[in-house]
Amino acid sequence: MTASTSRRVTVIGAGFGALSVVRELRQRDASIEITLIAPRAELHYLPGIIWIPSGLRTREQLVVPLDNFFRRMRVTHVAAEVTGLREGGRVVDVVANGAVSEVRNDALVIASGGRFIKKLPGIEHAITPCEGIASAERIRDRLKQMPGGTIACGFAGNPNEPSAVRGGPMFEFLFGIDEQLKREGRRDKFELVFFNPSMEPGNRLGPKAVRHLLVEMARRNIRTHLGHKLKSFDAEKIVTEGGTFAADLILFMPGMTGNLWFDQTDLARSPGGLLKADAQCRVEGANQVYVVGDSGSFPGPDWMPKQAHMADLQAAAAAANLLAGLRGEVGNATFKVELICIIDALNQGTLVWRTPDRNIILPSSRVFHWLKRGFERLYLRRYQ
């Protein structure tokens, strides 16, 4: 690659998108300086938390130290929290142990994930599973303590940006808990309820998937409460505009918005508070500032997923365009929009694949459960 006087790249985050960006950058250019800012040198493999309540996975199996990966990729890790940007993104303000400092760059990639909207009254009574491993452990511990009762699982979107939602894992927690309780011989002591403001939950997976999910809930004797806007949570109930129902354990995934530190920047924002990006993953109106994954709002169909696979695709485009920018060129790499997931239920899984041209759902099979576990091993091997 042609040498350039501007060679410092900063990546914010240590999740799927951020690590994919690092890999893509290093594969394309052996000489650039890469700095990654994240509180810890760890990858938390959140797709695996669905198996924590049943004991199929533990924290130790899902936390991957990144020291070896950073060494191989020749990455400088700054253990800090980002507090804002200056000089058009060329300076990242950070804080670590109360000490304030800055990290300068010639190109910036923001892959710090999203933030769940916690405005619903009483939301402290609900557990938000995808907040992290600790949340899944709370679910595990609560299930062990419960002699019986009602378990409610649901999700909602960002009212200002319907695509800013991550609902898929809630179906996996729902079906996984159902199967777990059956294995423990306790299913008859519990009622499971799925709730959602939409009459077609999971519609981003496609119409076929919605039908499959609702049929599967009926087959498993899971009650539904659909089509009613949520009003509040209580320690023992959920209040909606369509009525109130009891719940001894509430698992709820709210809609997503941008990180709080985005407010300390001049970066363009979407209606839902995410960073507004173009098809090349550039933050609109900014020079050499890119975004991948849940932090961004991208042009495309309204079903564009918030998932690791999509972040990987965006990472490749962002890396190619960033390096083109360092060469003084205009990058034109884009990413394909593709949703692919396995909705797992502990003993089987359902494969869903959606593109702008296709929507395929394959029948539940043990094969897909083991395929999901195999993918986890292969994916984590990249970073071990």
# chains A, B, ... in the order shown; residues from 1 in each chain; ligands from 1

$ select_by_dssp --residues "region 38-269 of chain A" --states "strand (DSSP E or B)" --output "VMD selection string"
chain A and resid 38 42 to 44 63 to 65 75 to 79 81 to 86 91 to 96 99 to 104 107 to 110 115 to 116 126 to 127 149 to 155 158 161 190 to 196 223 to 226 230 to 233 237 to 240 243 to 246 249 to 253 256 to 257 269

$ select_by_dssp --residues "region 194-335 of chain A" --states "helix (DSSP H, G or I)" --output "ChimeraX atom specification"
/A:203-205,207-219,260-264,293-295,308-326

$ residues_around --residues "region 288-296 of chain A" --least-positions-apart "5" --cutoff "9 Å" --atoms "only C-alpha atoms" --output "ChimeraX atom specification"
/A:16-18,21,88-90,106-115,164,256-259,269-270,274-277,280-283,306-308,310-315,318-319,321-322,325-326

$ atom_distance --atom1 "CA of Gly148 (chain A)" --atom2 "CA of Leu46 (chain A)"
27.5 Å

$ closest_residue --among "A:Trp261, A:Phe233, A:Phe252, A:Phe368" --to "Gly349 (chain A)" --atoms "only C-alpha atoms"
A:Phe368

$ residues_around --residues "Asn359 (chain A)" --least-positions-apart "5" --cutoff "12 Å" --atoms "only C-alpha atoms" --output "ChimeraX atom specification"
/A:203-210,303,338-341,351-354
